[in-house]
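Colleague: Mind looking over this structure? Questions follow.
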There are 4 protein chains.
Amino acid sequence: MTNIVGHFIDGKRCEDHARLQNIYNPATSKVTKQVALAGKETVEEAISAACAAFPAWRNTPPAKRARVMFKFKELLELNADKICQLIGDEHGKIVHDARSELQRGIENVEYACYAPELLKGEHSKNVGPFIDSWSEFQPLGVVAGITPFNFPAMVPLWMFPLAIVCGNCFILKPSERDPSSTLFIAELLKEAGLPDGVMNVVNGDKVAVDTLLHNDNIKAVSFVGSTPIAEYIYTTANANGKRCQALGGAKNHAIIMPDADMDNAVSQLVGAAFGSCGERCMALSVAVTVGDDAADAFIQKMQNEMKDLKIGEASEPSNDFGPLITQQHKDKVVGYIDSAEEQGATVVVDGRDITVAGYDEGFFVGGTLIDHVKAGMTCYEEEIFGPVLLVVRVENMQQAMDLIDAHEYGNGTCIFTRDGEAARYFSDNIQVGMVGINVPLPVPVSYHSFGGWKRSLFGDLHAYGPDGVRFYTKRKTVTQRWPSTGVREGTLFSMPT
Amino acid sequence: MTNIVGHFIDGKRCEDHARLQNIYNPATSKVTKQVALAGKETVEEAISAACAAFPAWRNTPPAKRARVMFKFKELLELNADKICQLIGDEHGKIVHDARSELQRGIENVEYACYAPELLKGEHSKNVGPFIDSWSEFQPLGVVAGITPFNFPAMVPLWMFPLAIVCGNCFILKPSERDPSSTLFIAELLKEAGLPDGVMNVVNGDKVAVDTLLHNDNIKAVSFVGSTPIAEYIYTTANANGKRCQALGGAKNHAIIMPDADMDNAVSQLVGAAFGSCGERCMALSVAVTVGDDAADAFIQKMQNEMKDLKIGEASEPSNDFGPLITQQHKDKVVGYIDSAEEQGATVVVDGRDITVAGYDEGFFVGGTLIDHVKAGMTCYEEEIFGPVLLVVRVENMQQAMDLIDAHEYGNGTCIFTRDGEAARYFSDNIQVGMVGINVPLPVPVSYHSFGGWKRSLFGDLHAYGPDGVRFYTKRKTVTQRWPSTGVREGTLFSMPT
Amino acid sequence: MTNIVGHFIDGKRCEDHARLQNIYNPATSKVTKQVALAGKETVEEAISAACAAFPAWRNTPPAKRARVMFKFKELLELNADKICQLIGDEHGKIVHDARSELQRGIENVEYACYAPELLKGEHSKNVGPFIDSWSEFQPLGVVAGITPFNFPAMVPLWMFPLAIVCGNCFILKPSERDPSSTLFIAELLKEAGLPDGVMNVVNGDKVAVDTLLHNDNIKAVSFVGSTPIAEYIYTTANANGKRCQALGGAKNHAIIMPDADMDNAVSQLVGAAFGSCGERCMALSVAVTVGDDAADAFIQKMQNEMKDLKIGEASEPSNDFGPLITQQHKDKVVGYIDSAEEQGATVVVDGRDITVAGYDEGFFVGGTLIDHVKAGMTCYEEEIFGPVLLVVRVENMQQAMDLIDAHEYGNGTCIFTRDGEAARYFSDNIQVGMVGINVPLPVPVSYHSFGGWKRSLFGDLHAYGPDGVRFYTKRKTVTQRWPSTGVREGTLFSMPT
Amino acid sequence: MTNIVGHFIDGKRCEDHARLQNIYNPATSKVTKQVALAGKETVEEAISAACAAFPAWRNTPPAKRARVMFKFKELLELNADKICQLIGDEHGKIVHDARSELQRGIENVEYACYAPELLKGEHSKNVGPFIDSWSEFQPLGVVAGITPFNFPAMVPLWMFPLAIVCGNCFILKPSERDPSSTLFIAELLKEAGLPDGVMNVVNGDKVAVDTLLHNDNIKAVSFVGSTPIAEYIYTTANANGKRCQALGGAKNHAIIMPDADMDNAVSQLVGAAFGSCGERCMALSVAVTVGDDAADAFIQKMQNEMKDLKIGEASEPSNDFGPLITQQHKDKVVGYIDSAEEQGATVVVDGRDITVAGYDEGFFVGGTLIDHVKAGMTCYEEEIFGPVLLVVRVENMQQAMDLIDAHEYGNGTCIFTRDGEAARYFSDNIQVGMVGINVPLPVPVSYHSFGGWKRSLFGDLHAYGPDGVRFYTKRKTVTQRWPSTGVREGTLFSMPT
C-alpha cells in the first residue's frame, strides 16, 4: 500500500508492516497515511547495515565526507517545497514556518561541511626532548538519534549530518506522528553520494527505542523530547555504556524591563509565543513584566497585535500558525487554560473556542494571553506546548530573575531592555543555557551549540556546533618518540628491499 | 591525638573522630597513623562551606584565580621534599618516583595557570543582521573528586586545580590509605591565597562517597579507581543529575616488533612495568612479541635488565620500587602469579619470595616476568596492579592488535618499531585511548587530556587538559541585538541622571 | 572583436582596448586571442566600484557571504570542462592536470564556505571585575591579487574566495598570458549571487600593477610569481602602507634515503618533476641521493619510467604534459640544460630535441634528467621552471640537508624513507616551509596554509587557510564595562519613549 | 664608574664606554647616571651570542622554556619595589603608576607561561587516504626589540618573554633615557634560569638601531615609538628581509554621549588623560562631547575633579603624576598649549606655570583642559604626549565618529554611554583598533593583542597575545604518507640490529 511510511535501511526502503499506526492531517483530523512500527529485527537489521558500512566510511577522508554534505545541502534546497509540504500535511506547520525550520536545518548541514576544520587535533612538538604528541578525534562507530514531532526536519538535521561527517554511521528514529519529511530527507543523502548503510531510518515506537538503547553496537544516542523521556533515555543509555545527550522540556521567560522598546518587544514576542502554535522547545511562553506600567502597556499592545493573528491550514502562506498535533494534545492545552482561570489568573485573550472555516474538525487552539499568572499555578509550572502566553507581574528585575531561576527548566530566556548594564547582569547570572538580549528565541546558530541547563538537558555536551563535534567523536592521544636507528647517521646503510 | 589525619573544611582543620581507620607503612606493615572517616554531617558541612564560597569565587576574574595557581606551584616546589616523604611513608613509593609523580601534578597546576586562555569563548559578529552571539564557559558550582591510593598527589592535582581555576568550589575525598600528602597539598592552597571554602578535603569511606553522590549541591564528580567502582560512581552520579567522569582499570600492552630497537624497548619497559611496583593505571603489564625471535631476544634482555632491579624502602633513592600497598593486595598479586603457573604460563623471573633486609614484614613482591601467557588466563584478563610483566607471543602485528582490541580495557598501549608505516597503522586503528610510539607510558602531558576507551573510562570527556576545562564548565550561549533607541540618532537626547 | 579578452568591473564586462597583447596557443605557437591591457583609469574604475560595494558587503552576515561560496563551488563543478579547456588552450596544460588544478582551487572555495567558523573572535568574560573583552576580525576594505600564468585557476582561487568571504572587495589582475579561464571563473561569482563590485578583474601589465600598488584604497596585495617581482611588490606595497604577502621562486629538493621504497619514490617523482611541464612553484626539481647505491638505483629506475612519458597537446588525456608557455621560456629552459652540460653535469635523458607530431611549432621540451649536478652550477642555483630533474649525489643525510638549507629558496622539500627517526629529524630541522615525508609535492590542503621560507615568501603570513583569514582581516579588540545605571535596580524606572 | 649603565650580553654585563649619554632625574633636572651607547661591534657581539645560544634553546621543550617564565614572574614580583624605584628615578613616574605598569608587564610574562598551549599546531588526519598533515610554529631565530622611554618595564615585557618562550633569542635596545629598570629586569631572567645568550640588552642610539636593522641574523624587529620612526623601522626592516611590527603614535578620543553616567566618565577620564603625565600611547587626550549640555556638564565636573590633582616626585605615593621626561619635551608640550590658545581654543585649566615645591627645576607641566578645540588645530592634529585634555564639541554621535575616523591615528578610542545600541554601532564601525565601552584606556589584556589601525601600527600582526605568538614564529606544514614496507605485514621480518 503506497500510503504506508516504512524504513530506510542500507540504502533501500524496507517495509516491515507487522504493526502500523495512523498518521493524521491535524487541520482536518483525517487519517492520511500509516506509519510502520519497526520490530526488534528491523532495528537490528539497520544496526547491522550501519556496522558493515562503518570501516570504509571512517577511513574516507573528512574532506571527501564533507563533499557529500555540500551536495546534500544543494538537494535540500532543490527539494525544499516538497519537504515543507510533507511537514505541513502531517504536522500542520504553515509553509513559511516550515521553510524557516528547514533553513535552520540546512545551516546545520553547512556546518557539517566544515568537517576538515572541525576535526583538527592539537599537535605539540617536543612535549619532551624529541617527543611529540597530538590528539585525534575519531568517530564512535554507529550512533542513534531519536527525534520529536515538532521539528521533523530541523532536529534530525541537528544530529545526523554532523555525526556522519565525523565518520560515524547513523540510525534515526523520527517521530511516528510526522515521519514523511524526515524519511524523504534521509533518502536525499543517498542521492548526494552517501554510501549505503551509513544513514538509516527506522520508524517506530518504544520497541525501536529500547532496541537501540540496549544494543551494544550503538555507541551514542542523541535525543530531543520531553523531560521524563529524556531522563529515561539518558539513564538507560548510560547504564548500557553509551554516550548520551538528551534534551527535554522548557519554560522560556522573557523579562520586559520598563525601559524596553515596547513595540519591538511585542512584535518579537507575538511570533516567539505563538509561532508553530507554540509547539517549540524554545517557544517564549512567559512574559515577566517589571512594574505595573510595563505590564499594562505590554498587555494592551499585545492584545492589539494578537487581533491580527491568522490561524489555519499549512499550505496557506498568509496564516500565522496552524493546528496542534493531535486531539489529545489540544485537550491538554485547553485544560491548561481552564486551570489558569480556575487558579485565579485572568484570560485576557481566549483561544479556546476558535473555529477555522472549512476545518471544523482540526485541532486548532487560538492565541491565548493570560495575565496575573503566579508561580505554583499548573499553567506556570508545566510546559504547555501550545499558543498560550502567560504574563507574570513582578516589581523589579531581581524578582524576575529569581522566578526564572526557581523554575525546573532552564532552556532559553530573554530580556528586553535598552540598558547595557541590565543586559550584562542578566546574561551573566541567569541559570539558563541560552540567553537572548532583545532576542526572544535565542536559538544558537549552527556554528555555536544548542543546550539548556537544569532539567532541560541531560549530558555534558550541548547539541550540534562545536559540542556536537566533540559528542560524536572520541579523543585519542598519541605520544611519539623515534629512537635513533642508524638510518640517518649512515651506520645502518642498507636495508633489504 | 596528633596522629589522626582529619579533614580540611572552610580553610580549617576539622576533626570528626567518630570513626577511625589505620594507616600503615607498607614497608614495615606497622600502623603509623589513623585517618578519620567522615560522617554524613561532616561531608555536608564541607558542601555548605563550598556553596557559601562559590558566588564570590565565580565572580573573581580568571586571571586573578590563576594567580592563586601560580603561587600554588611555587609552594608545591618549595615543599616537594615534605610531600614526597609523606607519600613514601604511607604509599611506599620511592622518593624519586614520588618526585616524578609530584612533577606531573605540578604540570597540571601549570596548565591551570593558563585559565584566561582556556576560558575564552567564541564570539560571532553578525550571526544575523546586527545580531551578535558568543559562548561563555561558566563554572558548575560545587564539584567533587574521589581519588585512589596509587597517586595520592598527582591524581588529585589532575582535578582540583583545574576545577577551581574554572571558578568552581571543590570537595576532595582522597584515598583513606595514604591521605596525608593529599591533605597537606590542599592546605597549601590556603597559603597560596585561595579564599576559605573554595577547596575542602574530607577523608572517608563509602559514607562520604555516597553523601557526595546524593547531595544536590554537588554538580559534578571526577573519579579514578577500579572499573566496578567507576561504573557505580558514574551510574549513581548520572541518575542524580550530576555530570561525571569515572576512570577505571587498565591492562596496557606493548607490541614488540621484530624491527624494534630491542635495547631501547627493554630499558623503557623495565621502568614502565615495575615502576611504583606496578601500581599504576598506565603500567605497561603485557609485552606482545611479534615472532619468536623477537620474543626470545626480548625475554633474554629483560631477564638481564631485571637482575639490577633494587627493591626496598621509600626514602632510599637507589631503590627502584617499593612495597605493595597492603598485605591483602600482596596476597592478591601473588595469587595471580600462582594462577599463571597453574594455567600453563612460564614464570621466567619470580618475585614471590623476595625478602628485603630489615623489612621482613613489608608488603614486597619482586619484579616478575611470565612468558607464554595466553588470552583467557586469569593473569591476562584481570588487572594485577603489581610488578608483573606478562609476555604474549604472536606471529604477526595484526594478531597483536586483535588481542589488544579484544581486551575489556582500553587505557594505554604502545608499539616498539622503527617503521613509520607500522606506527601509523597501529595508532590509527588500535581501540585504545592513549597510544605510545616507542613510548611505553603514553600519559598525555598536562595540556592534552588523559582518558582510556572501552571500560577504562565512563563519560564523554577525558580528564584534565582541554577536556578537563570543558568538564568543569557549562556552556552558555548569548545572542544579542540592540533595537534602535534614539540615543544614537539624537532623537532621544536627554535621559534623567 | 570577440577575440579580445577584457575586464570584469562592477558586474559587467568592460572593454578598454587602447593597448592589446597577443595570447598564444603554446602547442601551436599561433596567436589565438588578444588581451586588453588596462590603463590607469580602468584600474581606478575597478577600485571605485569595489569601494562602493564595500559598506554593504562588510555588513552582510558571514553565513550569508558563505552561501555565495557554496553556490560558487557548484558552478565551478558544473563548468569544469569549459574552465579546463580554456586553461589548456592558453597554457597548454593537459586536461587531467587542469582538472587537478581546478579541484585544488575548488577546495579553497570549500574552505571559504567555513567563514562563520573562521571569523570567530575570542571572548573573555571578566578580564577585570565585570569587564569583558573580545576580538573581532574585520575586513580590510578593497584588496588586490596579482597572479601568475602557471595556475590561472588555482592561484586566484587561493585568494579571492577567502578575501571576499571575509568581507573584503577584490581586484584581481591575472596573468596576461592565459587570462580567459580566470576571467570566466570570476564571472561565475556573479551568477552565484555576489553583488556587483565585490569582485573585479583587470587584465594588464605593469601599468595595472603599479596603479594597484599606489592607490590608497587598496589595503592589501597578494602576489604569486618570481622572487625579484615578489620583492618589488612587497617593498612597494609596504612603503605605501599596504599589507602584503608575496610568494616567489623555488627549488624543491627530495632526499632519496638508502632505505627508501625506490619504486614508490620514482613513481611519485616522475609526476612531481615533470607534471605541468615543470612550471610549478612546487615542482620537485632536485633529487638528492644519499650514497651511490641509491643514486644508481634511482637513476636507472627513473630512466625507465621516463620512457613512458607522453608529451603533447592539452586536450588529449593520455598525454602526461604539454608545452612550455612561450618560445622565450623554451629557449631559457634549453639554455639551462646546455649550461649543465657545459659545467660538467651529465645529461642522462635529454628532452631538448623533442618533436611532437602535428605540433612542430609548439614550445615543447621533453623530460630531462641530469646527473652529477653540483651546487654552484647555474642549473642548480636558479629556478628552471621546466621539465628538468637534477640529481645531486651526497654521502649522507646531513650533507643533503646542508645543501637544501644553503639554497636561496625554501618553498617545499621532501624525504623518501621508511624510517620514523630520519623523517622526524628532517621535518624538524630543514629550513623549508612545506615539508613532505614520502610526499613529493607537499602542497598543504586548503584548511592549512601555503608558504615557503627564506626568499620564497615575503610577508608574515602564509597564503590561504588559517593564515589567509588572518591576512584578509584586521583585529579589533573591544573592552566593555557597564556602569550601574539604576535601570536594573529600579531607581531609574521610567525612560522617555 | 658605577654610574654608567652598560649592556647585558651573553649573561654578562658588558661595558663598552666609548660613547656616553646623560640620564636625568626629570623631577630635579639633575644628571644622575650615564648610559653607554653601543657601537656596531658591541651590537654584533650580542647578535653572535644570541646566534650561538639559539640551537639549544629552540630544542628545549616549550614546557621547560615556560618554566623559566614562571620563575621570572616570581622574581619580578619579589623585586617590584626596586624596579619601580628605578623607573621613578629616571622616568619620573609615580610609584603606584610604575607598579601598575609593572603589573601589566608581569601579565605578559604570565601569558608567556602558557607556551605549551600557545604553540600547539593543527593536526589533520587523512587529508588524503592515509596521508596526515600538521602545522608547526617554529621560532624565527634571533629577534630584536626597540622600546620607548614611556614604559621602560611594560613595553619590553610585551616583547621578549613571548619571543623567548617561543624559542627565539632576543636583543633588546631599550630607551636610552631610562634604561636602568629595563636592564635590571633582563638580568633577572638569568636568575630565573635562562641560558646565557638567549636574552641580551644593548643600550644605544641610531648606531645600535641601524646595526640591528641591517644584520642578516636578525630575523624580526618589534618597535614601539613615534610614527615617523616606526615607519622608518618598518620600511628598513622589510627591505632587509625581516619581519617587523612597528607601533607608532596615537590620538585617542572618548565620545561623551548625553546619556553617559557623567560622574563615572569624569572620574575615569581624569586618570586616562593625566596619568603618567599623559606620556602614554593609550592616553585619552580628546573628549568629544555630544551636545552642549553634555559638554558643559563634562567641563564643569572635570574642572572640579582636576582641582585635586597632585603633581610631584615619583616616590611620593600621594602624587597623581610626575614630570615630563625632558626639558625639550616640556617645551614642546607648553608650545602645544600656546598654539591652542593662539588658534582659538579656550584653555579652561592651565598647567603651564605650575611649580612643585622643592622641585623648581623639574620638567613639570600641570593638568590642562582645553575647550572649543577643532580639527585642524595643531594641538588636535598632533600627539602632545603631555597632561593635556582637549574637548571638541559636536552635535551628534555621527559627527563624533567622523572626526575620529578622519584622524591620522587609530590606536584607541572609547565611548561613554549606557545604551547598548550606541555602543555596538560605535565599536562595530569606528576605524580604530582598540575600542572601549565605558573603558577609557582599552589596553587589551595580555591574552588578547595590542594594536592600533591606520598610522598607529605598521605590520600585519598586533603586539603580544595571540598575534604576538604568530609574529615570533614561522609556520611549517608537514604532509606525511608512509608507504607499505613489509614490516607490518611480516614480509620484511628481520632487520639488521
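How things are named: the first chain in the C-alpha cells is A, the next is B, and so on; residues count from 1 in each chain; ligands count from 1 in the order shown.
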May I have the residues of chain C within 6 Å of chain A, counting only C-alpha atoms, written as a VMD selection string?
Modeller: chain C and resid 114 259 421 to 422 482 488 495
Colleague: Give me every alpha helix (DSSP H) residue in region 191-380 of chain B, going by DSSP on the backbone, as a PyMOL selection string.
Modeller: chain B and resi 191+206-214+227-239+262-274+292-306+327-342+378-380
Colleague: Would you list the contacts of region 310-317 of chain C as a PyMOL selection string, taking every protein, DNA or RNA residue within 8 Å and counting only C-alpha atoms, but skipping same-chain residues closer than 6 positions in sequence?
Modeller: chain C and resi 27+85+88-89+92-96+323+356+359+364+366
Colleague: Would you write out those residues with N, CA, C and O atoms, as an mmCIF file, in the first residue's frame?
Modeller:
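Wrote it out as part-v8.cif, contents follow:
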data_model
loop_
_atom_site.group_PDB
_atom_site.id
_atom_site.type_symbol
_atom_site.label_atom_id
_atom_site.label_comp_id
_atom_site.auth_asym_id
_atom_site.auth_seq_id
_atom_site.Cartn_x
_atom_site.Cartn_y
_atom_site.Cartn_z
ATOM 1 N N ALA C 27 50.913 25.113 -27.816
ATOM 2 C CA ALA C 27 51.130 23.851 -28.525
ATOM 3 C C ALA C 27 51.327 24.089 -30.015
ATOM 4 O O ALA C 27 51.864 23.234 -30.722
ATOM 5 N N GLN C 85 39.266 23.526 -20.506
ATOM 6 C CA GLN C 85 39.574 23.766 -21.923
ATOM 7 C C GLN C 85 40.230 25.138 -22.105
ATOM 8 O O GLN C 85 41.212 25.280 -22.852
ATOM 9 N N GLY C 88 43.749 24.824 -21.017
ATOM 10 C CA GLY C 88 44.534 24.079 -21.997
ATOM 11 C C GLY C 88 44.865 24.923 -23.216
ATOM 12 O O GLY C 88 46.008 24.920 -23.702
ATOM 13 N N ASP C 89 43.894 25.683 -23.707
ATOM 14 C CA ASP C 89 44.101 26.478 -24.925
ATOM 15 C C ASP C 89 45.207 27.511 -24.763
ATOM 16 O O ASP C 89 45.939 27.801 -25.704
ATOM 17 N N GLY C 92 48.401 25.333 -22.195
ATOM 18 C CA GLY C 92 48.944 24.088 -22.710
ATOM 19 C C GLY C 92 48.882 22.935 -21.727
ATOM 20 O O GLY C 92 49.337 21.828 -21.995
ATOM 21 N N LYS C 93 48.290 23.174 -20.558
ATOM 22 C CA LYS C 93 48.222 22.131 -19.528
ATOM 23 C C LYS C 93 47.247 21.025 -19.959
ATOM 24 O O LYS C 93 46.148 21.320 -20.419
ATOM 25 N N ILE C 94 47.669 19.767 -19.792
ATOM 26 C CA ILE C 94 46.823 18.641 -20.198
ATOM 27 C C ILE C 94 45.531 18.653 -19.381
ATOM 28 O O ILE C 94 45.529 18.987 -18.203
ATOM 29 N N VAL C 95 44.469 18.213 -19.998
ATOM 30 C CA VAL C 95 43.131 18.348 -19.416
ATOM 31 C C VAL C 95 43.035 17.727 -18.013
ATOM 32 O O VAL C 95 42.413 18.293 -17.114
ATOM 33 N N HIS C 96 43.663 16.559 -17.781
ATOM 34 C CA HIS C 96 43.553 15.957 -16.434
ATOM 35 C C HIS C 96 44.330 16.773 -15.409
ATOM 36 O O HIS C 96 43.948 16.841 -14.242
ATOM 37 N N PRO C 323 53.331 21.742 -23.621
ATOM 38 C CA PRO C 323 54.420 22.656 -23.968
ATOM 39 C C PRO C 323 54.696 23.637 -22.838
ATOM 40 O O PRO C 323 53.908 23.772 -21.906
ATOM 41 N N VAL C 356 56.895 16.877 -31.426
ATOM 42 C CA VAL C 356 55.565 16.338 -31.188
ATOM 43 C C VAL C 356 54.834 16.344 -32.521
ATOM 44 O O VAL C 356 54.661 17.410 -33.127
ATOM 45 N N TYR C 359 52.608 19.083 -34.118
ATOM 46 C CA TYR C 359 52.766 20.321 -33.343
ATOM 47 C C TYR C 359 54.219 20.784 -33.396
ATOM 48 O O TYR C 359 54.858 21.046 -32.380
ATOM 49 N N PHE C 364 57.634 22.874 -27.030
ATOM 50 C CA PHE C 364 57.826 21.652 -26.254
ATOM 51 C C PHE C 364 59.285 21.428 -25.855
ATOM 52 O O PHE C 364 60.196 21.658 -26.651
ATOM 53 N N GLY C 366 61.175 18.049 -23.798
ATOM 54 C CA GLY C 366 60.894 16.741 -23.219
ATOM 55 C C GLY C 366 61.467 16.597 -21.817
ATOM 56 O O GLY C 366 62.328 17.383 -21.388
#
Colleague: Among region 264-450 of chain C, which residues does DSSP mark as strand (DSSP E or B) when it is run on the backbone? Keep the chain and numbering as in the structure and answer as a count of residues only.
Modeller: 37
Colleague: Please identify all polymer residues within 7 Å of Met154 (chain A), counting only C-alpha atoms, omitting same-chain residues fewer than 2 positions from it, and present them as a list in words.
Modeller: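 Here the qualifying residues turn out to be Glu101, Leu102, Arg104, Gly105, Phe151, Pro152, Pro156, Leu157 and Trp158 of chain A.
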Colleague: Let me see the file: selected residues, all heavy atoms, as a compact mmCIF listing (two decimals), in the first residue's frame.
Modeller:
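Output contents, as saved in again-v3.txt:
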# COMPACT_ATOMS: atom_id res chain seq x y z
N GLU A 101 12.09 26.39 9.44
CA GLU A 101 12.62 25.20 10.09
C GLU A 101 13.65 24.52 9.20
O GLU A 101 14.76 24.18 9.66
CB GLU A 101 11.47 24.22 10.38
CG GLU A 101 12.00 22.84 10.72
CD GLU A 101 10.94 21.79 11.00
OE1 GLU A 101 9.73 22.08 10.96
OE2 GLU A 101 11.35 20.65 11.29
N LEU A 102 13.30 24.35 7.94
CA LEU A 102 14.22 23.68 7.02
C LEU A 102 15.50 24.48 6.87
O LEU A 102 16.61 23.93 6.85
CB LEU A 102 13.53 23.48 5.67
CG LEU A 102 14.41 22.80 4.61
CD1 LEU A 102 14.86 21.42 5.05
CD2 LEU A 102 13.64 22.72 3.28
N ARG A 104 16.95 26.45 8.99
CA ARG A 104 17.79 26.20 10.17
C ARG A 104 18.49 24.85 10.06
O ARG A 104 19.67 24.70 10.42
CB ARG A 104 16.92 26.22 11.44
CG ARG A 104 16.62 27.61 11.96
CD ARG A 104 17.86 28.16 12.66
NE ARG A 104 17.58 29.39 13.38
CZ ARG A 104 18.44 29.94 14.23
NH1 ARG A 104 19.61 29.38 14.48
NH2 ARG A 104 18.15 31.05 14.84
N GLY A 105 17.77 23.86 9.59
CA GLY A 105 18.37 22.54 9.43
C GLY A 105 19.47 22.56 8.38
O GLY A 105 20.53 21.94 8.56
N PHE A 151 9.70 19.35 15.19
CA PHE A 151 10.60 19.80 14.12
C PHE A 151 11.06 18.58 13.35
O PHE A 151 12.21 18.14 13.51
CB PHE A 151 11.79 20.57 14.70
CG PHE A 151 11.47 21.94 15.19
CD1 PHE A 151 11.34 22.21 16.54
CD2 PHE A 151 11.27 22.98 14.28
CE1 PHE A 151 11.04 23.49 16.98
CE2 PHE A 151 10.96 24.26 14.73
CZ PHE A 151 10.85 24.52 16.08
N PRO A 152 10.21 18.02 12.50
CA PRO A 152 10.56 16.75 11.83
C PRO A 152 11.75 16.89 10.88
O PRO A 152 12.42 15.90 10.60
CB PRO A 152 9.29 16.39 11.07
CG PRO A 152 8.53 17.66 10.93
CD PRO A 152 8.86 18.50 12.13
N PRO A 156 16.28 16.35 13.39
CA PRO A 156 17.15 15.32 12.80
C PRO A 156 18.39 15.94 12.13
O PRO A 156 19.49 15.38 12.22
CB PRO A 156 16.24 14.64 11.78
CG PRO A 156 14.87 14.80 12.35
CD PRO A 156 14.86 16.17 12.99
N LEU A 157 18.21 17.09 11.49
CA LEU A 157 19.35 17.73 10.82
C LEU A 157 20.35 18.32 11.82
O LEU A 157 21.49 18.60 11.46
CB LEU A 157 18.87 18.81 9.84
CG LEU A 157 18.22 18.27 8.56
CD1 LEU A 157 17.52 19.39 7.79
CD2 LEU A 157 19.23 17.57 7.67
N TRP A 158 19.94 18.53 13.05
CA TRP A 158 20.91 18.87 14.10
C TRP A 158 21.90 17.73 14.31
O TRP A 158 23.02 17.94 14.76
CB TRP A 158 20.21 19.08 15.46
CG TRP A 158 19.46 20.33 15.65
CD1 TRP A 158 19.26 21.35 14.77
CD2 TRP A 158 18.78 20.71 16.87
NE1 TRP A 158 18.49 22.33 15.36
CE2 TRP A 158 18.19 21.97 16.64
CE3 TRP A 158 18.61 20.11 18.11
CZ2 TRP A 158 17.45 22.64 17.63
CZ3 TRP A 158 17.89 20.77 19.09
CH2 TRP A 158 17.31 22.03 18.84
Colleague: Determine the nearest neighbour of His372 (chain D) from the options D:Leu78, D:Ile430, D:Ala265, D:Ala340, counting only C-alpha atoms.
Modeller: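 Residue with the minimum atom-to-atom distance to His372 (chain D): D:Ala340.
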